[in-house]
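Enquirer: Structure provided below as structure tokens; questions to follow.
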Amino acid sequence: MGIIKGSEQALSFPDGFLDRPSYICLPCRSNPVFANQRHTLYDIFEIYMKFKKQKRHFDVADRTHAILKALRNQKFPGQQVDHMYVDEAQDNLLIDALVLRRLCRHSNSLFWAGDTAQTISAGSSFRFNDLKAFVYRMERNSSSVTPTGVPVHQPTMFQLGINYRSHDGIVKCAHSIIELITKFWPNAIDHLQPEKGVVDGVKPVFFTHLDNDAHFKRFLVGESASNPKLGARQCILVRNEAAVKTVQDKVGDIGMIMTLYDSKGLEFDDVLLYNFFGDSAVDASRWRVVLNGVQGQGYAPDFYRDETRYAAICSELKLLYVGITRARKNVWILDTSDKSDAMRIFWESQNLIRTCARSTDISPLAASSTPDEWAFSGRSLFFHKRYSQAIHCFERADMHREVKVCKAYLLREAARSSVGVALLNVQQRAFTAAADAFVECAAAATGNEKRQYYRTSAYCYIRGGQDLKAADNYLKAEEFELAAKSYRKGGSFDRTLHVLTDHRAVIPEKTATELWMVCRLHYCSRSNDQAPVPLFSSSFDEELEFLEEYDLDCARASLLESHSMYYEVAEIHLSENRLIEAVQAFLKDNIHIDSAARAADTLLEFMWRKCSFGITPKSAIVDDSVQQAMALTDQLQTKKLEPMTCRLILMFQGILREDHESLKKLALTFQEHDHHTAALLCLDHFFTRLADIRPFQLHEMASFLETFHTYARLLYQTSTMRDPLGRRECDVQRLLSIVPLSGDEFLIPSGTFLYDNVTKNPRNHRLVSVHQSGYKASRRNATELIHLSIRTVLKDKVLELDKMCCDAPVFLQCLPFIVSGTCQRQQCPQNHIAISNMDRVQYNAHVAIHIQLILILQLLYSAHPSTKQWESMRDWLEHLYEALAPPLFIQGSFADLDLTLIPHGLVGLRVVKNWIRESFYRLNPSKSPQFLTTLMRITSLSFAFDRNDAPTYIAQAKLVPKNTFTELLRQPDNRYLVVDMFNSYQGASPSSISSGILFLLHVLDNGLRINLSVLCDCIEDILSSFVINHRMDPILDELPLHGAVLPSHWLIFPHKFSVKKDVEPESISSLLGAIGNLIQRLRVGSAMGSLWLAHITNITPLLRNIFIFRLCRTLCLVAHNTRYPMVKRKVNAIVLHLHASNEPQRPAYYQKLVNDVVEHMALLPGRGMPRLDGYLRAVLDFDTNKGSSDLVKLVHKTSKSTQTSLVRQLFYEKSSDIPYLLSSHMVAAQSMLRAEAAAFVPRIQRPKDGVEILPAEKENSNLVPQEADREEVKEKEVSVIVDSEATDDMEDMDEAVTSLTSLDPVPDESLRSNGPSEEQVFAARTIQYAYRYHVWRRSGSAVDAELRAIFTTCLKETRTSKWRPSYYRLLFLGPLPHLLACLEQGIALTHAAKIKTKDLFKTESHEKLEELGRQRSEITLLLKKGMQLRGKLEPSSPDHRTRDIDALKRAVLEVGEFIQKVPGSTTDMQAKFQMAYKGIVAEKKLFYVRNERPALNIEDLDPIV
């Protein structure tokens, strides 16, 4: 150990020990021991180091290296001594000399003394020659040791040749051992001259045959001794502690028995060396090597043949030398083993000992001693720290107090020896026991001795973990500095302050300052602890400065509050996120004019956190702080607040009081003022539990759906925001209680809506990581989580609404109740509406609730494209069709559609168009049992609202090509029936009427399954086209359509007036015949299996009569307006058949109409002449009876017409103007969003029932609207679109795309195209490119969101007139945003570290107060520096007005220094700073490219001759 770790060479190795190659290569001459086994020794050393590391132990070499490392780069911490004397130098490592040299001021004032023959310490290889050389090199090479200019000399070495302890007989015997060592190991010790004794004396006695315990004891004390004890100056030396116990077992407590190691430095008159050779680990054969020192011993082993074998003899001889040299007068060697023979022979050969056998008469060893002699020996042993032997001596001297003192020191030594060996609690108990013993000693002592014992006991109490007891004893020892430190260490700050106050004069200033600081930190950081003495002087500024330096906000707030500085108190609470306390402070302030507003804003911020989206009032109100906040809302001075602030306060009051009606009103107000998040929060609580809307009446349902549509649209907008966590959308952060963190990450606090969503949905765990306050997520993941969570809410709410709407009667009208006023069904699932309430307002309101629900469902489908949409689309399109085209004219028709009465009407129709298109793509004849009915409905709606585009996407649908579905193939040519139907509805070809007739004939003749109401709609559509086409024939009418009386909904579609249709009278006759058969089937109720009605399981007789009436009314109008006698004959035949089957006891609904036709047309014999308008009169009579009529009489402007009662007249100039004059809204629906659509004029308002329209009064005002009217209508239509699509200002393409998508979501239209055109392919690729670019922008790979926001702020700043193009402007827009982003991240990280240290103040124990205080002070100063830099560099800073580039560079360097100190600095922050540094500070290298001159062209020159 002395070589590998304690030598001079070990100092040059970083680990403090020689590596294997260096150790192996040491010269053998200077390191002779085990020179041939160094590999093995180093293996042992490595095992030892590994074991020491596992046990966490340190050896003496580790101690020395640690001290040298601490002193290497600093001045000596204490006061150096002038002179130093080092005794027993051989027991130290060589490197210890360097430590001792640092303790001494002068190199020539250090003295070393020792005996290398006594180097018996384990691992020691000390030699004075090595020490001498080391000291010289140390002085020569180390300027830190020797001051400059002082000459360096070789240390002087001399030998003490006279031994004043032992007489010459002992000295000669000891010197013989030295001769043996130098003979065999010449380099093991220093070569010295032989010592001489002062006087002659007896030779050492060697006993060989005292192998009996009785003989041994007799030798010691004699046979008749009354007190068989050794004297005070006598000692038995043995090899180890085991031998001590052995001797004690043999002879009892006879006297002092010590090991050879313990005896070093001591001396005795008589020494008995007991069994030294017998207990040796070296065997007798190796001991025989010493016989080489005896002349004539030829049988001695050859030492040089195997030096390693005898290496242990060197240490054994040194130990033997120590034992012999302890004696002053007599040395007895008692050893009966054969191992002693060699050494005995060696001594005998030189006549250095006297040998005694068993029979030899010997005098006893024991000698009596006086108490004074025992006391003297006890003190000597005590000062040499041989406490066990000292106890023995003091007991013989009857000195009880000294015995207790020795026992106390012995306990301390035992405690010290347990360190690193025993468990910590065992060690502490041992030190505590020693401390208690010293306290007992101090009680019996006086003066300095008393203080010393208290000081020692305090030290032991500290090692025992009893800091407060230690402090008490330090106080008794008058060690006031240590007492104060110990009280502080034990956490007793009250007593620390008392010591500092009472003994301030004797405590060093540095210590006192540190302790005052930590006491201030303790009491100021713990408001519940009150200091026993004042912590500060009377200076307010001193206390405030200290509290600000260490950011002790609570204490600072208390201090300011005591001085009535409430506004500043509120600011402190705000900075520490104590919002309730801040509100209370603002309310107390009567000085600042904005205190009331600040209080309200702070209270709102608190409410947003506690009552964020998805938090129920019951879960929020259990929080005491929320109840406290509610109480504070009543203390606000509302007169001083902005209206919007008051509304927000009312909102949270309504939320916590669950006042849903007030929340609904507030939501509408917020929506009007574009406060979307507040509106969404109100509506979310309003719709927490959807009310049972099934019993709602029409106006209630309309109001409910309008509110729910606003709610769903807000949810959808939130779920599709491109960056909901951006600065412009900070309201979303407030809505969801999301907290921004550093590094563009966000905290999702526990207990919030998003937190619960992640917890309940394991699939969302991938988006977050665990944070001590909840979950943490990046901007991208948090955005995705927001979208997923809000879409889930939207889905759940809309599906719940859809389910209730499917069961709500208000969406259906009970036809039997309308016509009869009664309903026979129990719990009728349809709405009962009196016929008197059936008007156009009722019609449009009924259509409106369908449009509203479709808009709501479309929001769901756009947010969740994977939702099963088709069935719901089909069902609600069916509902919408029945609302637009109800079974009976009394309920209204397309002609009554008024978009001004339908909220979001145009937007709703746009969605309906896309639903229709989607339905065409999805409809499959082989999988839909209602295929034909569904197809007829969507075809009718498509040509009603999307006539221009419908043919294109219908042609691309799967159902258009010829299908193998045989029911839809018309024989005998196998013509696909669907083609005829499309041709009929489109009405754009001459054969459209014929195609429609063929379609109807096939359906009726083959009994195809079809809805009865839809079938009647198709019949009316074909017959109306036939009548219009017939009356537009100039051969029949000089003025086309003049005088025709038709239902208004027959006239509203322009395609019926555009193309001349070819139709044969025979086909009309066939159709009328089929209609007659249908009427007969309905009358008798036979063959009804193929006919059905929506939402009705059984077609009752009353329902059949209603549809018979509808068909008869249609036939009457056809017969009235046609000139074909064949048509009238067919109609008459049908009417007469019905008349003949009349049952007077049960008159049918249609009976009056049939009877009136028979009467007015004189169809029965003897009834007179038929009237020309008999059919019309019969119809009008029925309409008069029912109170409404939808008939319109067409009058050409050039002609006069008589007024018909109840029939309004429509004056026209061209027949193509008729649809535009009747219904502007239907034309608008067909032409909306199409620039090429023809202009249209407003419809004529339908008068109330019973009011005539006179030609003279209405002609001019209704036929040609004024220009102003047209402008007004146009503005009104535009306002409808803007009202439903209003958005915030869009600053880039992404936001524009998001806004359009969120306000008018449409399903994907490019999926099922059969053979798309090149134009469509090009459009699809363009959309794909735009979408991919959009996704790339959203992914965050383009520009960091925070950096983009800072750049936007800088850009807005430069758009003012004060900025001109300059190099500074380039830096302002280029590198500066990177610098600001880097600075913001640094401030955020510093603030997070500040919060962490503040939390540690509350959780960590008092032991870490100093470190935490230091950290807090540094972080507070660092944060202030960051805030100063922010104020200097922010875009609006006045410093930028000077355009000082040098000042900007200096600021960049300051930011660099700042971020170097920021805890937890990130690579992203460093990268941003480097970007700014390179752009602003780094020198720009300009590279000039020299354009080479072109080579001279001389090819065209003549050669020189």
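Residue numbering restarts at 1 for every chain of the structure tokens, chains are lettered A, B, ... in their displayed order, and ligands are numbered from 1 as they appear.
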Residues of stretch 543-616 of chain A within 12 Å of stretch 676-680 of chain A: nearest atom pair and distance (Å, one decimal) for each, counting only C-alpha atoms, sorted by chain and number, as JSON lines?
Expert:
{"residue": "A:Leu604", "atom": "CA", "partner": "A:Ala678", "partner_atom": "CA", "distance": 11.4}
{"residue": "A:Met607", "atom": "CA", "partner": "A:Ala678", "partner_atom": "CA", "distance": 11.9}
{"residue": "A:Trp608", "atom": "CA", "partner": "A:Ala678", "partner_atom": "CA", "distance": 9.7}
{"residue": "A:Cys611", "atom": "CA", "partner": "A:Ala678", "partner_atom": "CA", "distance": 11.5}
{"residue": "A:Ser612", "atom": "CA", "partner": "A:Ala678", "partner_atom": "CA", "distance": 10.1}
{"residue": "A:Phe613", "atom": "CA", "partner": "A:Leu680", "partner_atom": "CA", "distance": 8.5}
{"residue": "A:Gly614", "atom": "CA", "partner": "A:Leu680", "partner_atom": "CA", "distance": 10.8}
Enquirer: Go ahead and save the picked residues with N, CA and C atoms, as a PDB file, in the first residue's frame.
Expert:
ATOM      1  N   LEU A 604     -62.098  36.080 -12.944  1.00  0.00           N
ATOM      2  CA  LEU A 604     -62.499  35.327 -14.139  1.00  0.00           C
ATOM      3  C   LEU A 604     -61.433  34.305 -14.516  1.00  0.00           C
ATOM      4  N   MET A 607     -61.923  31.423 -12.315  1.00  0.00           N
ATOM      5  CA  MET A 607     -63.117  30.663 -12.684  1.00  0.00           C
ATOM      6  C   MET A 607     -62.893  29.835 -13.938  1.00  0.00           C
ATOM      7  N   TRP A 608     -62.152  30.388 -14.877  1.00  0.00           N
ATOM      8  CA  TRP A 608     -61.859  29.610 -16.091  1.00  0.00           C
ATOM      9  C   TRP A 608     -61.088  28.335 -15.743  1.00  0.00           C
ATOM     10  N   CYS A 611     -63.709  26.065 -13.541  1.00  0.00           N
ATOM     11  CA  CYS A 611     -64.956  25.696 -14.218  1.00  0.00           C
ATOM     12  C   CYS A 611     -64.721  25.605 -15.718  1.00  0.00           C
ATOM     13  N   SER A 612     -63.630  24.988 -16.099  1.00  0.00           N
ATOM     14  CA  SER A 612     -63.316  24.866 -17.516  1.00  0.00           C
ATOM     15  C   SER A 612     -64.253  23.880 -18.185  1.00  0.00           C
ATOM     16  N   PHE A 613     -64.053  23.731 -19.460  1.00  0.00           N
ATOM     17  CA  PHE A 613     -64.934  22.884 -20.273  1.00  0.00           C
ATOM     18  C   PHE A 613     -64.949  21.456 -19.720  1.00  0.00           C
ATOM     19  N   GLY A 614     -66.152  20.919 -19.596  1.00  0.00           N
ATOM     20  CA  GLY A 614     -66.302  19.539 -19.154  1.00  0.00           C
ATOM     21  C   GLY A 614     -66.341  19.343 -17.658  1.00  0.00           C
TER      22      GLY A 614
END
Enquirer: Using only C-alpha atoms, determine which residues lie at most 9 Å from A:Ser940, disregarding the query and same-chain residues fewer than 6 positions distant; provide the list as a list of chain:residue names.
Expert: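 That gives A:Tyr881, A:Tyr985, A:Gln986, A:Cys1018.
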Enquirer: If you run DSSP over the backbone, which residues in stretch 971-1206 of chain A end up helix (DSSP H, G or I)? Put them as an NGL selection string.
Expert: :A and (977-986 or 992-1005 or 1012-1031 or 1048-1050 or 1054-1057 or 1065-1084 or 1101-1121 or 1125-1140 or 1151-1160 or 1174-1186)
Enquirer: Could you please take those selected residues and save C-alpha atoms as a CSV table (one decimal), in the first residue's frame?
Expert:
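Saved result, part.csv, follows:
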chain,number,residue,atom,x,y,z
A,977,LEU,CA,-86.7,1.6,-65.8
A,978,VAL,CA,-84.4,4.1,-64.0
A,979,VAL,CA,-83.4,5.8,-67.2
A,980,ASP,CA,-87.0,6.6,-67.9
A,981,MET,CA,-87.5,8.0,-64.5
A,982,PHE,CA,-84.4,10.2,-64.7
A,983,ASN,CA,-85.6,11.5,-68.1
A,984,SER,CA,-89.0,12.3,-66.7
A,985,TYR,CA,-87.7,14.2,-63.7
A,986,GLN,CA,-85.1,16.1,-65.6
A,992,SER,CA,-89.5,13.3,-70.9
A,993,ILE,CA,-93.3,13.0,-70.5
A,994,SER,CA,-93.5,9.8,-72.5
A,995,SER,CA,-90.6,8.4,-70.4
A,996,GLY,CA,-92.5,9.3,-67.3
A,997,ILE,CA,-95.7,7.7,-68.5
A,998,LEU,CA,-93.9,4.5,-69.4
A,999,PHE,CA,-92.2,4.5,-66.0
A,1000,LEU,CA,-95.5,4.9,-64.2
A,1001,LEU,CA,-97.3,2.3,-66.3
A,1002,HIS,CA,-94.6,-0.2,-65.5
A,1003,VAL,CA,-94.7,0.5,-61.8
A,1004,LEU,CA,-98.5,0.3,-61.6
A,1005,ASP,CA,-99.0,-2.6,-63.9
A,1012,LEU,CA,-98.0,6.0,-52.1
A,1013,SER,CA,-97.3,9.6,-51.5
A,1014,VAL,CA,-94.2,9.6,-53.7
A,1015,LEU,CA,-96.2,7.8,-56.4
A,1016,CYS,CA,-98.8,10.5,-56.3
A,1017,ASP,CA,-96.1,13.2,-56.5
A,1018,CYS,CA,-94.7,11.5,-59.6
A,1019,ILE,CA,-98.2,11.3,-61.2
A,1020,GLU,CA,-98.8,15.0,-60.5
A,1021,ASP,CA,-95.4,15.9,-61.9
A,1022,ILE,CA,-96.0,14.0,-65.2
A,1023,LEU,CA,-99.6,15.3,-65.6
A,1024,SER,CA,-98.6,18.9,-64.7
A,1025,SER,CA,-95.9,18.7,-67.4
A,1026,PHE,CA,-98.5,17.3,-69.8
A,1027,VAL,CA,-101.0,20.1,-69.1
A,1028,ILE,CA,-98.3,22.9,-69.3
A,1029,ASN,CA,-96.9,21.4,-72.5
A,1030,HIS,CA,-100.4,21.0,-73.9
A,1031,ARG,CA,-101.5,24.6,-73.1
A,1048,SER,CA,-98.8,26.9,-57.9
A,1049,HIS,CA,-96.3,24.0,-57.3
A,1050,TRP,CA,-97.0,22.8,-60.8
A,1054,PRO,CA,-88.6,26.3,-65.2
A,1055,HIS,CA,-87.8,23.1,-67.1
A,1056,LYS,CA,-91.5,22.5,-67.7
A,1057,PHE,CA,-91.6,25.7,-69.8
A,1065,PRO,CA,-102.9,11.2,-76.5
A,1066,GLU,CA,-103.0,7.4,-76.4
A,1067,SER,CA,-100.3,7.3,-73.8
A,1068,ILE,CA,-102.1,9.8,-71.7
A,1069,SER,CA,-105.2,7.7,-72.0
A,1070,SER,CA,-103.2,4.6,-70.8
A,1071,LEU,CA,-101.9,6.6,-67.9
A,1072,LEU,CA,-105.4,7.8,-66.9
A,1073,GLY,CA,-106.6,4.2,-67.1
A,1074,ALA,CA,-103.8,3.1,-64.8
A,1075,ILE,CA,-104.7,5.9,-62.4
A,1076,GLY,CA,-108.3,4.8,-62.4
A,1077,ASN,CA,-107.2,1.3,-61.5
A,1078,LEU,CA,-105.1,2.7,-58.7
A,1079,ILE,CA,-108.1,4.6,-57.4
A,1080,GLN,CA,-110.1,1.5,-57.5
A,1081,ARG,CA,-107.5,-0.5,-55.6
A,1082,LEU,CA,-107.4,2.2,-53.0
A,1083,ARG,CA,-111.2,2.3,-52.7
A,1084,VAL,CA,-111.7,-1.3,-52.1
A,1101,PRO,CA,-109.5,3.5,-45.1
A,1102,LEU,CA,-109.3,7.2,-44.2
A,1103,LEU,CA,-105.8,7.5,-45.5
A,1104,ARG,CA,-106.8,5.6,-48.7
A,1105,ASN,CA,-109.7,8.1,-49.1
A,1106,ILE,CA,-107.4,11.0,-48.7
A,1107,PHE,CA,-105.1,9.8,-51.5
A,1108,ILE,CA,-108.2,9.0,-53.7
A,1109,PHE,CA,-109.2,12.7,-53.2
A,1110,ARG,CA,-105.8,13.8,-54.1
A,1111,LEU,CA,-105.8,11.8,-57.3
A,1112,CYS,CA,-109.4,13.0,-58.2
A,1113,ARG,CA,-108.4,16.6,-57.6
A,1114,THR,CA,-105.5,16.2,-59.8
A,1115,LEU,CA,-107.6,14.6,-62.5
A,1116,CYS,CA,-110.2,17.4,-62.3
A,1117,LEU,CA,-107.5,20.0,-62.7
A,1118,VAL,CA,-106.1,18.1,-65.7
A,1119,ALA,CA,-109.6,17.8,-67.2
A,1120,HIS,CA,-110.3,21.5,-66.7
A,1121,ASN,CA,-107.1,22.7,-68.3
A,1125,PRO,CA,-112.2,15.2,-75.1
A,1126,MET,CA,-110.6,11.8,-74.5
A,1127,VAL,CA,-109.0,13.1,-71.2
A,1128,LYS,CA,-112.3,14.4,-70.0
A,1129,ARG,CA,-114.1,11.2,-70.9
A,1130,LYS,CA,-111.6,9.2,-68.9
A,1131,VAL,CA,-111.9,11.5,-65.9
A,1132,ASN,CA,-115.6,11.4,-66.0
A,1133,ALA,CA,-115.6,7.6,-66.1
A,1134,ILE,CA,-113.4,7.5,-63.0
A,1135,VAL,CA,-115.6,10.0,-61.2
A,1136,LEU,CA,-118.9,8.2,-62.1
A,1137,HIS,CA,-117.4,4.9,-60.9
A,1138,LEU,CA,-116.6,6.5,-57.6
A,1139,HIS,CA,-120.1,8.1,-57.4
A,1140,ALA,CA,-121.8,4.9,-58.1
A,1151,GLN,CA,-117.3,12.2,-51.8
A,1152,LYS,CA,-118.0,15.9,-51.8
A,1153,LEU,CA,-115.6,16.5,-54.6
A,1154,VAL,CA,-117.0,13.5,-56.6
A,1155,ASN,CA,-120.6,14.7,-56.1
A,1156,ASP,CA,-119.8,18.2,-57.1
A,1157,VAL,CA,-118.1,17.1,-60.3
A,1158,VAL,CA,-121.1,14.9,-61.1
A,1159,GLU,CA,-123.4,17.8,-60.5
A,1160,HIS,CA,-121.4,20.6,-62.3
A,1174,GLY,CA,-117.4,22.5,-63.7
A,1175,TYR,CA,-114.3,20.7,-62.7
A,1176,LEU,CA,-112.8,23.9,-61.4
A,1177,ARG,CA,-115.9,24.8,-59.5
A,1178,ALA,CA,-116.0,21.4,-57.9
A,1179,VAL,CA,-112.4,21.9,-56.8
A,1180,LEU,CA,-112.9,25.4,-55.5
A,1181,ASP,CA,-116.0,24.4,-53.6
A,1182,PHE,CA,-113.9,21.8,-51.8
A,1183,ASP,CA,-111.1,24.2,-51.2
A,1184,THR,CA,-113.5,26.8,-49.8
A,1185,ASN,CA,-114.8,24.2,-47.4
A,1186,LYS,CA,-111.3,23.4,-46.2
Enquirer: In Å, rounded to a single decimal, give me how far atom CA of A:Val99 is from atom CA of A:Gln79.
Expert: 14.0 Å
Enquirer: Suppose you want the space between atom CA of A:Asp494 and atom CA of A:Lys1402; what is it in Å?
Expert: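 The value is 19.0 Å.
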Enquirer: Kindly give the distance, in Å, that separates atom CA of A:Leu884 and atom CA of A:Asp896, rounded to a single decimal.
Expert: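 So the two atoms, atom CA of A:Leu884 and atom CA of A:Asp896, lie 8.9 Å apart.
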Enquirer: Which residues come within 8 Å of A:Glu195, counting only C-alpha atoms, excluding same-chain residues fewer than 3 positions away, as a list in words?
Expert: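 Returned residues: Leu160, Gly161, Ile162, Asn163, Val171, Lys172 and His175 of chain A.
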Enquirer: Output as an mmCIF file with C-alpha atoms, in the first residue's frame all residues of stretch 700-812 of chain A that backbone DSSP marks as strand (DSSP E or B).
Expert:
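Final output, out02.cif:
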data_model
loop_
_atom_site.group_PDB
_atom_site.id
_atom_site.type_symbol
_atom_site.label_atom_id
_atom_site.label_comp_id
_atom_site.auth_asym_id
_atom_site.auth_seq_id
_atom_site.Cartn_x
_atom_site.Cartn_y
_atom_site.Cartn_z
ATOM 1 C CA VAL A 739 -51.074 25.633 -19.211
ATOM 2 C CA PRO A 740 -48.173 26.411 -21.579
ATOM 3 C CA GLU A 745 -45.031 21.917 -24.518
ATOM 4 C CA PHE A 746 -48.260 22.139 -22.592
ATOM 5 C CA LEU A 747 -49.547 20.920 -19.255
ATOM 6 C CA ILE A 748 -52.905 19.189 -19.007
ATOM 7 C CA PRO A 749 -53.757 19.589 -15.306
ATOM 8 C CA SER A 769 -46.274 11.881 -20.806
ATOM 9 C CA VAL A 770 -46.701 11.945 -17.051
ATOM 10 C CA HIS A 771 -46.175 15.247 -15.254
ATOM 11 C CA GLY A 774 -51.095 15.947 -14.708
ATOM 12 C CA TYR A 775 -50.002 15.158 -18.234
ATOM 13 C CA LYS A 776 -47.536 16.875 -20.527
ATOM 14 C CA ALA A 777 -47.822 16.992 -24.318
ATOM 15 C CA SER A 778 -46.161 18.704 -27.233
#
